[in-house]
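Listing of run_36.cif, mmCIF, C-alpha atoms and all ligand atoms
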```cif
data_query
loop_
_atom_site.label_atom_id
_atom_site.label_comp_id
_atom_site.auth_asym_id
_atom_site.auth_seq_id
_atom_site.Cartn_x
_atom_site.Cartn_y
_atom_site.Cartn_z
CA MET A 1 185.71 -6.89 233.71
CA LYS A 2 182.88 -7.08 231.20
CA TYR A 3 184.77 -7.93 227.99
CA GLY A 4 188.01 -9.68 227.14
CA ARG A 5 190.24 -6.67 227.67
CA LYS A 6 190.40 -4.80 230.94
CA ARG A 7 189.46 -1.13 230.42
CA VAL A 8 191.90 1.03 232.31
CA LEU A 9 191.76 4.80 232.81
CA VAL A 10 195.07 6.60 233.38
CA THR A 11 194.70 10.25 234.44
CA GLY A 12 197.85 12.26 233.77
CA GLY A 13 198.65 9.63 231.14
CA ALA A 14 200.62 12.04 228.93
CA GLY A 15 203.09 12.82 231.70
CA PHE A 16 206.41 11.26 232.63
CA LEU A 17 205.11 8.37 234.74
CA GLY A 18 201.70 8.17 233.04
CA SER A 19 203.16 7.58 229.57
CA HIS A 20 205.30 4.69 230.84
CA LEU A 21 202.26 3.26 232.64
CA CYS A 22 200.11 3.46 229.47
CA GLU A 23 202.85 1.58 227.59
CA ARG A 24 203.06 -1.11 230.24
CA LEU A 25 199.28 -1.59 230.42
CA LEU A 26 199.00 -1.88 226.63
CA ALA A 27 201.81 -4.45 226.67
CA ASP A 28 199.85 -6.37 229.31
CA GLY A 29 196.80 -6.47 226.99
CA ALA A 30 194.63 -3.72 228.51
CA ASP A 31 192.37 -1.25 226.72
CA VAL A 32 193.83 2.08 227.84
CA LEU A 33 192.04 5.41 228.16
CA CYS A 34 194.48 8.25 228.72
CA VAL A 35 193.06 11.48 230.18
CA ASP A 36 195.23 14.58 230.35
CA ASN A 37 194.85 18.36 230.15
CA PHE A 38 198.48 18.75 228.94
CA PHE A 39 199.39 21.12 231.77
CA THR A 40 202.79 19.46 232.09
CA GLY A 41 202.32 16.39 229.90
CA THR A 42 202.96 16.39 226.16
CA LYS A 43 201.59 14.66 223.09
CA GLU A 44 205.18 13.77 222.26
CA ASN A 45 205.26 11.43 225.29
CA ILE A 46 202.41 9.35 223.88
CA ALA A 47 202.69 10.03 220.12
CA HIS A 48 204.02 6.50 219.57
CA LEU A 49 200.85 5.04 221.15
CA ILE A 50 198.39 6.96 218.98
CA GLY A 51 197.21 4.63 216.25
CA ASN A 52 197.14 1.64 218.58
CA PRO A 53 193.45 0.58 218.49
CA TYR A 54 193.54 -0.16 222.22
CA PHE A 55 194.75 3.32 223.14
CA GLU A 56 192.43 6.33 223.42
CA LEU A 57 193.27 9.90 224.39
CA ILE A 58 190.88 12.45 225.91
CA ARG A 59 191.89 16.05 226.63
CA HIS A 60 190.16 16.70 229.94
CA ASP A 61 190.81 18.43 233.26
CA VAL A 62 190.09 16.08 236.19
CA THR A 63 188.78 18.94 238.32
CA PHE A 64 185.64 18.54 236.17
CA PRO A 65 183.45 15.43 236.27
CA LEU A 66 184.20 12.62 233.84
CA TYR A 67 181.73 9.97 232.77
CA VAL A 68 183.33 6.89 231.23
CA GLU A 69 183.02 3.14 231.78
CA VAL A 70 186.19 1.47 233.04
CA ASP A 71 187.34 -1.41 235.25
CA GLU A 72 190.39 0.23 236.82
CA ILE A 73 191.56 3.82 237.38
CA TYR A 74 195.14 4.99 237.93
CA ASN A 75 194.89 8.59 239.19
CA LEU A 76 198.19 10.29 238.34
CA ALA A 77 196.97 13.72 237.18
CA CYS A 78 198.89 16.41 239.09
CA PRO A 79 201.94 18.51 238.35
CA ALA A 80 204.78 16.91 240.30
CA SER A 81 207.78 19.22 240.41
CA PRO A 82 207.97 22.38 242.54
CA ILE A 83 208.42 24.66 239.49
CA HIS A 84 205.27 23.23 237.92
CA TYR A 85 203.06 22.89 240.98
CA GLN A 86 203.94 26.34 242.30
CA ARG A 87 203.06 28.01 238.98
CA ASP A 88 199.34 27.92 239.86
CA PRO A 89 199.17 26.61 243.44
CA VAL A 90 195.39 26.95 243.74
CA GLN A 91 194.92 24.79 240.64
CA THR A 92 197.40 22.27 242.11
CA THR A 93 195.29 21.79 245.23
CA LYS A 94 192.13 21.66 243.11
CA THR A 95 193.67 19.00 240.89
CA SER A 96 194.56 16.80 243.86
CA VAL A 97 191.33 17.34 245.81
CA HIS A 98 188.60 17.88 243.20
CA GLY A 99 190.39 15.44 240.89
CA ALA A 100 190.33 12.77 243.61
CA ILE A 101 186.65 13.44 244.37
CA ASN A 102 185.68 13.11 240.71
CA MET A 103 187.73 9.96 240.12
CA LEU A 104 186.42 8.40 243.36
CA GLY A 105 182.87 9.30 242.33
CA LEU A 106 183.52 7.67 238.97
CA ALA A 107 185.01 4.56 240.64
CA LYS A 108 181.99 4.37 242.93
CA ARG A 109 179.49 4.64 240.06
CA VAL A 110 181.13 1.98 237.89
CA GLY A 111 182.57 -0.23 240.67
CA ALA A 112 186.16 0.28 239.46
CA LYS A 113 189.29 -0.37 241.47
CA ILE A 114 191.19 2.90 241.96
CA PHE A 115 194.90 3.67 242.45
CA GLN A 116 196.20 6.97 243.79
CA ALA A 117 199.66 8.34 242.97
CA SER A 118 200.47 9.81 246.36
CA THR A 119 203.91 10.97 247.32
CA SER A 120 206.72 10.87 249.85
CA GLU A 121 205.98 14.60 250.23
CA VAL A 122 203.14 13.62 252.59
CA TYR A 123 206.00 13.04 255.08
CA GLY A 124 207.19 16.65 254.59
CA ASP A 125 210.66 17.30 256.03
CA PRO A 126 210.73 14.01 257.95
CA GLU A 127 211.85 13.64 261.57
CA VAL A 128 212.23 9.85 261.23
CA HIS A 129 214.53 8.13 258.83
CA PRO A 130 213.92 6.08 256.73
CA GLN A 131 210.21 6.79 256.42
CA THR A 132 207.74 4.00 257.16
CA GLU A 133 204.08 4.26 256.18
CA ASP A 134 202.90 4.80 259.76
CA TYR A 135 204.99 7.96 260.13
CA ARG A 136 202.52 10.86 260.00
CA GLY A 137 204.79 13.48 258.55
CA ALA A 138 205.94 17.02 259.23
CA VAL A 139 204.37 19.25 256.62
CA ASN A 140 204.21 23.02 256.81
CA PRO A 141 200.55 23.66 255.90
CA ILE A 142 201.12 27.26 254.77
CA GLY A 143 204.48 27.01 253.01
CA PRO A 144 205.16 27.11 249.26
CA ARG A 145 205.10 23.30 248.98
CA ALA A 146 201.79 22.97 250.85
CA CYS A 147 199.57 23.17 247.75
CA TYR A 148 201.14 19.89 246.64
CA ASP A 149 201.80 18.17 249.97
CA GLU A 150 198.48 19.03 251.62
CA GLY A 151 196.56 18.41 248.38
CA LYS A 152 198.03 14.91 248.26
CA ARG A 153 197.34 14.35 251.96
CA CYS A 154 193.71 15.38 251.51
CA ALA A 155 193.45 13.06 248.48
CA GLU A 156 194.62 10.18 250.72
CA THR A 157 191.95 11.17 253.27
CA LEU A 158 189.30 11.04 250.55
CA PHE A 159 190.49 7.64 249.33
CA PHE A 160 190.29 6.14 252.81
CA ASP A 161 186.90 7.71 253.51
CA TYR A 162 185.47 6.35 250.22
CA TRP A 163 186.92 2.98 251.24
CA ARG A 164 185.38 3.09 254.75
CA GLN A 165 182.11 4.77 253.78
CA HIS A 166 181.40 3.30 250.33
CA GLY A 167 183.49 0.11 250.31
CA LEU A 168 185.58 1.19 247.31
CA ARG A 169 188.58 -0.92 246.37
CA ILE A 170 191.49 1.53 246.80
CA LYS A 171 195.25 1.32 246.23
CA VAL A 172 197.36 4.18 247.57
CA ALA A 173 201.06 4.35 246.62
CA ARG A 174 203.47 6.84 248.18
CA ILE A 175 205.98 7.44 245.43
CA PHE A 176 209.54 8.53 246.16
CA ASN A 177 211.86 10.37 243.73
CA THR A 178 211.75 8.67 240.36
CA TYR A 179 213.81 9.33 237.23
CA GLY A 180 214.09 8.10 233.67
CA PRO A 181 213.38 8.93 230.02
CA ARG A 182 210.60 11.53 229.48
CA MET A 183 211.42 13.49 232.61
CA HIS A 184 210.86 17.14 231.81
CA PRO A 185 214.14 18.81 230.81
CA ASP A 186 213.16 22.11 232.40
CA ASP A 187 211.13 21.28 235.50
CA GLY A 188 214.02 21.82 237.89
CA ARG A 189 214.22 18.21 239.16
CA VAL A 190 217.71 17.31 240.21
CA VAL A 191 218.34 14.36 237.87
CA SER A 192 217.14 16.14 234.72
CA ASN A 193 218.84 19.42 235.71
CA PHE A 194 222.21 17.76 236.31
CA ILE A 195 222.09 15.67 233.12
CA VAL A 196 221.04 18.59 230.91
CA GLN A 197 223.63 20.89 232.52
CA ALA A 198 226.36 18.27 232.08
CA LEU A 199 225.46 17.59 228.44
CA GLU A 200 225.41 21.31 227.65
CA GLY A 201 228.68 21.92 229.56
CA ARG A 202 226.97 24.42 231.87
CA PRO A 203 227.74 24.58 235.62
CA ILE A 204 226.04 21.92 237.75
CA THR A 205 223.84 23.73 240.29
CA ILE A 206 223.99 22.22 243.77
CA TYR A 207 221.45 23.77 246.13
CA GLY A 208 222.80 24.23 249.64
CA ASP A 209 226.00 22.33 250.40
CA GLY A 210 224.84 19.20 248.59
CA SER A 211 224.81 17.09 251.76
CA GLN A 212 221.03 16.58 251.60
CA THR A 213 220.09 13.08 250.51
CA ARG A 214 217.59 11.51 248.15
CA SER A 215 216.97 7.94 246.92
CA PHE A 216 216.24 7.59 243.21
CA CYS A 217 214.08 4.89 241.61
CA PHE A 218 214.18 4.08 237.89
CA VAL A 219 210.81 4.54 236.21
CA ASP A 220 210.41 0.92 234.96
CA ASP A 221 210.82 -0.41 238.51
CA LEU A 222 208.25 2.05 239.83
CA ILE A 223 205.66 1.20 237.15
CA ASP A 224 206.09 -2.47 237.97
CA GLY A 225 205.26 -1.58 241.59
CA PHE A 226 202.09 0.26 240.44
CA VAL A 227 200.84 -2.76 238.51
CA ARG A 228 201.67 -5.17 241.34
CA LEU A 229 199.77 -2.97 243.79
CA MET A 230 196.75 -2.70 241.50
CA ASN A 231 196.71 -6.51 241.08
CA SER A 232 197.18 -7.26 244.78
CA PRO A 233 194.33 -8.64 246.95
CA ASP A 234 191.58 -6.15 247.88
CA GLU A 235 192.70 -5.97 251.52
CA VAL A 236 196.00 -4.41 250.37
CA THR A 237 194.87 -0.78 250.29
CA GLY A 238 198.17 0.88 251.15
CA PRO A 239 199.40 3.45 251.77
CA ILE A 240 202.52 1.71 250.56
CA ASN A 241 205.92 3.25 249.88
CA LEU A 242 207.34 2.70 246.39
CA GLY A 243 210.88 3.87 245.78
CA ASN A 244 214.48 2.77 245.74
CA PRO A 245 216.08 2.73 249.20
CA TYR A 246 219.55 3.37 247.73
CA GLU A 247 220.33 6.77 249.28
CA MET A 248 222.96 9.26 248.21
CA THR A 249 223.87 12.89 248.69
CA ILE A 250 223.09 15.41 245.98
CA ARG A 251 226.82 16.14 245.65
CA GLN A 252 227.52 12.45 244.99
CA LEU A 253 224.84 12.47 242.30
CA ALA A 254 226.45 15.53 240.67
CA GLU A 255 229.84 13.82 240.62
CA LEU A 256 228.38 10.61 239.17
CA VAL A 257 226.58 12.49 236.38
CA ILE A 258 229.77 14.37 235.51
CA SER A 259 231.80 11.18 235.31
CA MET A 260 229.13 9.27 233.34
CA THR A 261 228.67 12.04 230.75
CA GLY A 262 232.39 12.86 230.56
CA SER A 263 231.37 16.50 231.05
CA LYS A 264 233.74 19.35 231.86
CA SER A 265 231.02 21.18 233.84
CA GLU A 266 232.07 22.71 237.16
CA LEU A 267 230.05 22.35 240.37
CA ILE A 268 228.54 25.55 241.74
CA THR A 269 226.31 26.10 244.78
CA LYS A 270 223.03 28.01 245.00
CA PRO A 271 220.76 28.71 247.99
CA LEU A 272 218.69 25.82 249.32
CA PRO A 273 214.96 26.35 248.51
CA ALA A 274 212.50 26.85 251.41
CA ASP A 275 211.24 23.66 253.11
CA ASP A 276 213.69 21.49 251.12
CA PRO A 277 213.83 18.14 253.01
CA LEU A 278 217.30 17.26 254.37
CA GLN A 279 217.04 13.53 253.85
CA ARG A 280 214.66 11.15 252.18
CA GLN A 281 214.76 7.36 251.92
CA PRO A 282 211.84 4.96 251.63
CA ASP A 283 211.38 2.01 253.93
CA ILE A 284 209.98 -0.55 251.47
CA THR A 285 209.52 -3.46 253.88
CA LYS A 286 205.77 -3.38 253.21
CA ALA A 287 206.12 -3.39 249.41
CA LYS A 288 208.57 -6.31 249.64
CA ALA A 289 206.27 -8.33 251.86
CA LEU A 290 202.90 -7.53 250.30
CA LEU A 291 203.81 -7.09 246.63
CA ASP A 292 207.03 -9.12 246.41
CA TRP A 293 208.49 -5.95 244.87
CA THR A 294 212.02 -4.58 245.01
CA PRO A 295 213.57 -2.18 242.51
CA GLY A 296 216.06 -4.04 240.33
CA VAL A 297 217.60 -1.38 238.06
CA ALA A 298 220.99 -0.14 239.29
CA LEU A 299 221.51 3.63 239.39
CA GLU A 300 224.26 3.55 236.75
CA THR A 301 222.04 1.52 234.39
CA GLY A 302 219.06 3.82 234.84
CA LEU A 303 221.20 6.95 234.52
CA THR A 304 222.73 5.62 231.28
CA ARG A 305 219.25 5.20 229.78
CA THR A 306 218.21 8.67 230.99
CA ILE A 307 221.39 10.31 229.69
CA ASP A 308 220.83 8.57 226.31
CA TYR A 309 217.30 9.98 226.20
CA PHE A 310 218.42 13.56 226.85
CA ARG A 311 221.34 13.19 224.42
CA ALA A 312 218.96 12.02 221.66
CA ARG A 313 216.62 14.96 222.32
CA ALA A 314 219.48 17.43 222.10
CA ASN A 315 220.41 16.23 218.59
P1 LIG B 1 204.05 14.89 235.15
O1 LIG B 1 203.92 16.35 235.39
O2 LIG B 1 204.96 14.45 234.06
O3 LIG B 1 202.64 14.22 234.94
C1 LIG B 1 201.45 14.71 235.45
C2 LIG B 1 200.42 14.69 234.34
O4 LIG B 1 199.17 15.15 234.87
C3 LIG B 1 200.78 15.61 233.18
O5 LIG B 1 200.63 14.92 231.97
C4 LIG B 1 199.78 16.77 233.32
O6 LIG B 1 199.49 17.38 232.10
C5 LIG B 1 198.59 16.05 233.93
N1 LIG B 1 197.68 16.94 234.67
C6 LIG B 1 198.00 17.90 235.58
N2 LIG B 1 196.89 18.50 236.04
C7 LIG B 1 195.84 17.89 235.42
C8 LIG B 1 194.43 18.08 235.47
N3 LIG B 1 193.87 18.99 236.27
N4 LIG B 1 193.66 17.28 234.68
C9 LIG B 1 194.20 16.36 233.86
N5 LIG B 1 195.53 16.15 233.76
C10 LIG B 1 196.34 16.91 234.54
O7 LIG B 1 204.49 14.24 236.56
P2 LIG B 1 204.90 12.74 236.91
O8 LIG B 1 206.27 12.80 237.46
O9 LIG B 1 204.59 11.83 235.79
O10 LIG B 1 203.91 12.47 238.13
C11 LIG B 1 202.73 11.69 237.98
C12 LIG B 1 202.09 11.52 239.35
O11 LIG B 1 202.99 10.85 240.23
C13 LIG B 1 201.69 12.83 240.01
O12 LIG B 1 200.47 12.66 240.66
C14 LIG B 1 202.79 13.04 241.02
O13 LIG B 1 202.33 13.78 242.12
C15 LIG B 1 203.16 11.62 241.40
N6 LIG B 1 204.54 11.52 241.90
C16 LIG B 1 205.61 11.59 241.05
C17 LIG B 1 206.91 11.49 241.57
C18 LIG B 1 208.13 11.55 240.69
O14 LIG B 1 209.25 11.39 241.18
N7 LIG B 1 208.02 11.72 239.39
C19 LIG B 1 207.10 11.35 242.94
C20 LIG B 1 205.97 11.31 243.77
C21 LIG B 1 204.70 11.37 243.24
N1 LIG B 2 181.59 11.91 239.22
C1 LIG B 2 182.26 11.81 238.02
N2 LIG B 2 182.00 10.72 237.21
C2 LIG B 2 181.13 9.75 237.57
C3 LIG B 2 180.46 9.86 238.82
C4 LIG B 2 180.73 10.95 239.62
O1 LIG B 2 183.06 12.65 237.66
O2 LIG B 2 180.97 8.82 236.79
C5 LIG B 2 181.89 13.04 240.08
C6 LIG B 2 180.66 13.88 240.37
O3 LIG B 2 180.81 15.11 239.71
C7 LIG B 2 180.65 14.07 241.86
C8 LIG B 2 181.91 13.41 242.36
O4 LIG B 2 182.34 12.55 241.31
O5 LIG B 2 180.73 15.43 242.18
C9 LIG B 2 181.70 12.60 243.62
O6 LIG B 2 180.72 11.64 243.35
P1 LIG B 2 179.89 10.98 244.54
O7 LIG B 2 178.90 10.05 243.92
O8 LIG B 2 180.80 10.43 245.55
O9 LIG B 2 179.20 12.19 245.25
P2 LIG B 2 178.00 13.16 244.86
O10 LIG B 2 177.59 12.87 243.45
O11 LIG B 2 176.98 12.82 245.84
O12 LIG B 2 178.61 14.51 245.03
N1 LIG B 3 218.61 20.17 243.69
C1 LIG B 3 219.87 20.65 243.44
N2 LIG B 3 220.13 21.21 242.23
C2 LIG B 3 219.20 21.28 241.24
C3 LIG B 3 217.91 20.77 241.49
C4 LIG B 3 217.65 20.22 242.73
O1 LIG B 3 220.75 20.60 244.30
O2 LIG B 3 219.53 21.80 240.15
C5 LIG B 3 218.35 19.54 244.99
C6 LIG B 3 217.10 20.03 245.70
O3 LIG B 3 217.36 21.18 246.48
C7 LIG B 3 216.73 18.83 246.55
C8 LIG B 3 217.19 17.64 245.72
O4 LIG B 3 218.12 18.16 244.78
O5 LIG B 3 217.47 18.84 247.76
C9 LIG B 3 216.07 16.94 244.98
O6 LIG B 3 215.30 17.92 244.29
P1 LIG B 3 214.08 17.56 243.35
O7 LIG B 3 213.39 18.84 243.00
O8 LIG B 3 214.53 16.70 242.24
O9 LIG B 3 213.15 16.64 244.25
P2 LIG B 3 212.46 16.85 245.69
O10 LIG B 3 213.04 18.05 246.37
O11 LIG B 3 211.02 16.99 245.41
O12 LIG B 3 212.83 15.59 246.38
#
```

Hey, can you dump this file as C-alpha cells for me?
Amino acid sequence: MKYGRKRVLVTGGAGFLGSHLCERLLADGADVLCVDNFFTGTKENIAHLIGNPYFELIRHDVTFPLYVEVDEIYNLACPASPIHYQRDPVQTTKTSVHGAINMLGLAKRVGAKIFQASTSEVYGDPEVHPQTEDYRGAVNPIGPRACYDEGKRCAETLFFDYWRQHGLRIKVARIFNTYGPRMHPDDGRVVSNFIVQALEGRPITIYGDGSQTRSFCFVDDLIDGFVRLMNSPDEVTGPINLGNPYEMTIRQLAELVISMTGSKSELITKPLPADDPLQRQPDITKAKALLDWTPGVALETGLTRTIDYFRARAN
C-alpha cells in the first residue's frame, strides 16, 4: 500500500455480490475502483455510491487488458446464473479464462494480492456430500453448464499456476448459493423466482419433485468471508468453501417463502433442467479454522430482508 487508503479493484462490481463488496470496502476505508461491462450488473446497484470521492467506476470488459494501479483485486466479473451464462456461452468462458489471465497479469505487474470468485459449480453434480475442498468434482465438460463450470475450473488452474510460477499472492473462494437484496428478479435463481412469484401471486415453479437440496448463504455473511480471506496470511491461498451449511429441499424453501410472504400462490412442478445437481452443501471446516468465519444470519432474517427489497422494487 503506497498511500493511506488501500486501492482495491472490484471486477463485476456493479453486480449482486460486487455491489455489496464495494459498499463494504468503502465502509472499511478503501479507495474502490469498480470495473464492469454491465452485462448483468446495473448502474442502479451502485448509484448510491457514485459521488463518493473514494469510489470510481470504469465501464470495461475484463476479456481485454486493463492497466491500473491497485493494491488488491477482487475478480468477480462473470455472469452467475444459468439463464445469464448460457445466453452467450462462448463469452462466459472467455470472461472466466481471459478475464483471469488479464487480472493475474495485472496483479503480477503491480504486485497486488488477488481474490477469485470461484464457485461450488466446480464440484459439478457431486458424488460426495457435503463437499470438501479436496473433492475434485464431477463436471460434464460438454454440457450446457460447462461454459461456466469449466471456465471457473480453468480460472482456478491459472490462479494456482501464477502462484507457483510467479509467486503471486492468491485467494480462491468457492462460493455456494447466496441470496439477498440486489439479486436479479429475472435471472431464474430459485430464491428470487420464488419471492417474485409469491409477491405477484403467480404459481411457485418447483423444478423436478423439489427434493433436491441447496444451502443458502445471506450476502452480508458471504462478503464478510471474502474480506477475511483477502486479509488472511499469504499462505492461505484457498481454495476455500464459503457458504451456509444449513441445507434444505427446494420444496421446503417454496413453503417457507409462501408462509413468510402470506401469498396465496400454488405450488406447481416443471421439468428438472439438465445437469441440475441433486444436493449441495458446503463443508466449511476450513473457513472456520483458517478465517474464524461462520455465517451468522438466519434464513428467516435474510429472507425477510430479501422479500422487503423485492417488495420495495415492486412499488
Ligand atoms: P452478477 O451477474 O450479479 O455479477 C456479475 C457482474 O460481472 C455483473 O455486474 C456483470 O455485468 C459483470 N460482468 C460479466 N461479464 C463481464 C466482463 N466480461 N467484464 C466485466 N464485467 C463483467 O453475479 P453475482 O451473483 O454477483 O456473482 C459474482 C461472482 O460470484 C461471479 O463470478 C459468480 O460466478 C460468483 N458466484 C456467485 C454465486 C451466487 O450465488 N451469487 C455463487 C457462486 C459464485
Ligand atoms: N495485463 C493486463 N494489465 C496489466 C498487465 C497485464 O491486463 O497491467 C494482461 C496482458 O494483456 C497479458 C495478460 O495480462 O496478456 C497476462 O499477463 P502476463 O504478464 O502474465 O503475460 P504476458 O504479458 O507475457 O502475456
Ligand atoms: N429451481 C426451482 N424453481 C425455480 C428455480 C430454480 O425449483 O423457479 C431449482 C433448480 O432446479 C435447482 C435449485 O432450485 O435445483 C437451485 O437453482 P438455482 O438456479 O438458484 O441455483 P443452482 O442450480 O445454480 O444451485

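Coordinates place CA of Asn75 in chain A at a distance of 16.9 Å from CA of Phe55 in chain A.
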
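We find CA of Leu17 in chain A and CA of Val219 in chain A to be spaced 7.0 Å apart.
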
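Those protein and nucleic acid residues that have any atom within 7 Å of ligand LIG 2 (chain B) are, using all atoms listed in the file, Phe64, Pro65, Leu66, Tyr67, Val68, Ile101, Asn102, Met103, Leu104, Gly105, Leu106, Lys108, Arg109 and Val110 of chain A.
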
Step by step, gather every atom of ligand LIG 1 (chain B) that the file lists, find the box along x, y and z that holds them, add 3 Å on each side, and finally give centre and edge lengths in Å to one decimal, as lines of an AutoDock Vina configuration file.
```
center_x = 201.5
center_y = 14.9
center_z = 237.9
size_x = 21.6
size_y = 14.1
size_z = 17.8
```

### Task
Give me the residues within 7 Å of Leu291 in chain A as an NGL selection string, counting all atoms listed in the file and dropping any in the same chain fewer than 5 places off.
:A and (228-229 or 232)

### Task
May I have the residues within 10 Å of Gly13 in chain A as a ChimeraX atom specification, using all atoms listed in the file and disregarding those fewer than 6 positions away in the same chain?
/A:19-23,32-38,41-43,45-46,57-58,74-77

Output C-alpha atoms for every residue in the selection just made, as a compact mmCIF listing (two decimals), in the frame of the given file.
```txt
# COMPACT_ATOMS: atom_id res chain seq x y z
CA SER A 19 203.16 7.58 229.57
CA HIS A 20 205.30 4.69 230.84
CA LEU A 21 202.26 3.26 232.64
CA CYS A 22 200.11 3.46 229.47
CA GLU A 23 202.85 1.58 227.59
CA VAL A 32 193.83 2.08 227.84
CA LEU A 33 192.04 5.41 228.16
CA CYS A 34 194.48 8.25 228.72
CA VAL A 35 193.06 11.48 230.18
CA ASP A 36 195.23 14.58 230.35
CA ASN A 37 194.85 18.36 230.15
CA PHE A 38 198.48 18.75 228.94
CA GLY A 41 202.32 16.39 229.90
CA THR A 42 202.96 16.39 226.16
CA LYS A 43 201.59 14.66 223.09
CA ASN A 45 205.26 11.43 225.29
CA ILE A 46 202.41 9.35 223.88
CA LEU A 57 193.27 9.90 224.39
CA ILE A 58 190.88 12.45 225.91
CA TYR A 74 195.14 4.99 237.93
CA ASN A 75 194.89 8.59 239.19
CA LEU A 76 198.19 10.29 238.34
CA ALA A 77 196.97 13.72 237.18
```

### Task
Can you work out which one of A:Val122, A:Ala14, A:Leu26, A:Leu242 has the shortest atom-to-atom distance to Tyr135 in chain A, counting all atoms listed in the file?
A:Val122

Per residue of chain A within 7 Å of ligand LIG 1 (chain B), what are the shortest atom pair and its distance in Å to one decimal, counting all atoms listed in the file, with rows by chain and residue number, as a tab-separated table?
```
residue	atom	partner	partner_atom	distance
A:Thr11	CA	B:LIG1	N5	6.0
A:Gly12	CA	B:LIG1	O4	3.4
A:Gly13	CA	B:LIG1	O5	5.7
A:Ala14	CA	B:LIG1	O5	4.2
A:Gly15	CA	B:LIG1	O5	3.2
A:Phe16	CA	B:LIG1	O9	3.7
A:Leu17	CA	B:LIG1	O9	3.7
A:Gly18	CA	B:LIG1	O9	5.4
A:Val35	CA	B:LIG1	C9	6.2
A:Asp36	CA	B:LIG1	N5	3.8
A:Asn37	CA	B:LIG1	C9	4.3
A:Phe38	CA	B:LIG1	O6	3.6
A:Phe39	CA	B:LIG1	O6	3.8
A:Thr40	CA	B:LIG1	O6	3.9
A:Gly41	CA	B:LIG1	O5	3.0
A:Thr42	CA	B:LIG1	O5	6.4
A:His60	CA	B:LIG1	C9	5.6
A:Asp61	CA	B:LIG1	N4	3.4
A:Val62	CA	B:LIG1	N4	4.1
A:Thr63	CA	B:LIG1	N3	5.5
A:Leu76	CA	B:LIG1	O12	4.0
A:Ala77	CA	B:LIG1	O4	3.5
A:Cys78	CA	B:LIG1	C6	3.9
A:Pro79	CA	B:LIG1	O1	4.2
A:Ala80	CA	B:LIG1	O13	4.4
A:Ser81	CA	B:LIG1	O1	7.0
A:Thr95	CA	B:LIG1	N3	4.6
A:Gly99	CA	B:LIG1	N3	6.8
A:Ala117	CA	B:LIG1	O12	5.0
A:Ser118	CA	B:LIG1	C21	5.5
A:Thr119	CA	B:LIG1	C20	4.1
A:Ser120	CA	B:LIG1	C20	6.1
A:Arg174	CA	B:LIG1	C20	6.8
A:Ile175	CA	B:LIG1	C20	4.2
A:Phe176	CA	B:LIG1	C19	4.9
A:Asn177	CA	B:LIG1	O14	3.8
A:Thr178	CA	B:LIG1	O14	3.8
A:Tyr179	CA	B:LIG1	O14	6.4
A:Met183	CA	B:LIG1	O2	6.7
A:His184	CA	B:LIG1	O2	6.9
```

Keeping only C-alpha atoms, write those residues as a CSV table (one decimal), keeping the file's coordinate frame.
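Result file out07.csv:
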```csv
chain,number,residue,atom,x,y,z
A,11,THR,CA,194.7,10.2,234.4
A,12,GLY,CA,197.8,12.3,233.8
A,13,GLY,CA,198.6,9.6,231.1
A,14,ALA,CA,200.6,12.0,228.9
A,15,GLY,CA,203.1,12.8,231.7
A,16,PHE,CA,206.4,11.3,232.6
A,17,LEU,CA,205.1,8.4,234.7
A,18,GLY,CA,201.7,8.2,233.0
A,35,VAL,CA,193.1,11.5,230.2
A,36,ASP,CA,195.2,14.6,230.4
A,37,ASN,CA,194.8,18.4,230.2
A,38,PHE,CA,198.5,18.8,228.9
A,39,PHE,CA,199.4,21.1,231.8
A,40,THR,CA,202.8,19.5,232.1
A,41,GLY,CA,202.3,16.4,229.9
A,42,THR,CA,203.0,16.4,226.2
A,60,HIS,CA,190.2,16.7,229.9
A,61,ASP,CA,190.8,18.4,233.3
A,62,VAL,CA,190.1,16.1,236.2
A,63,THR,CA,188.8,18.9,238.3
A,76,LEU,CA,198.2,10.3,238.3
A,77,ALA,CA,197.0,13.7,237.2
A,78,CYS,CA,198.9,16.4,239.1
A,79,PRO,CA,201.9,18.5,238.4
A,80,ALA,CA,204.8,16.9,240.3
A,81,SER,CA,207.8,19.2,240.4
A,95,THR,CA,193.7,19.0,240.9
A,99,GLY,CA,190.4,15.4,240.9
A,117,ALA,CA,199.7,8.3,243.0
A,118,SER,CA,200.5,9.8,246.4
A,119,THR,CA,203.9,11.0,247.3
A,120,SER,CA,206.7,10.9,249.8
A,174,ARG,CA,203.5,6.8,248.2
A,175,ILE,CA,206.0,7.4,245.4
A,176,PHE,CA,209.5,8.5,246.2
A,177,ASN,CA,211.9,10.4,243.7
A,178,THR,CA,211.8,8.7,240.4
A,179,TYR,CA,213.8,9.3,237.2
A,183,MET,CA,211.4,13.5,232.6
A,184,HIS,CA,210.9,17.1,231.8
```

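When only C-alpha atoms and all ligand atoms are used to measure the gap to ligand LIG 3 (chain B), the shortest distance among A:Pro282, A:Gly137, A:Pro295, A:Pro82 belongs to A:Pro82.
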
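Of the listed residues (A:Asp209, A:Tyr85, A:Val190, A:Arg202), A:Tyr85 comes nearest to Lys152 in chain A; the distances count all atoms listed in the file.
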
## Note on the structure
Using all atoms listed in the file, the residue out of A:Ile170, A:Ala138, A:Ile307, A:Ala27 with shortest distance to Gly262 in chain A is A:Ile307
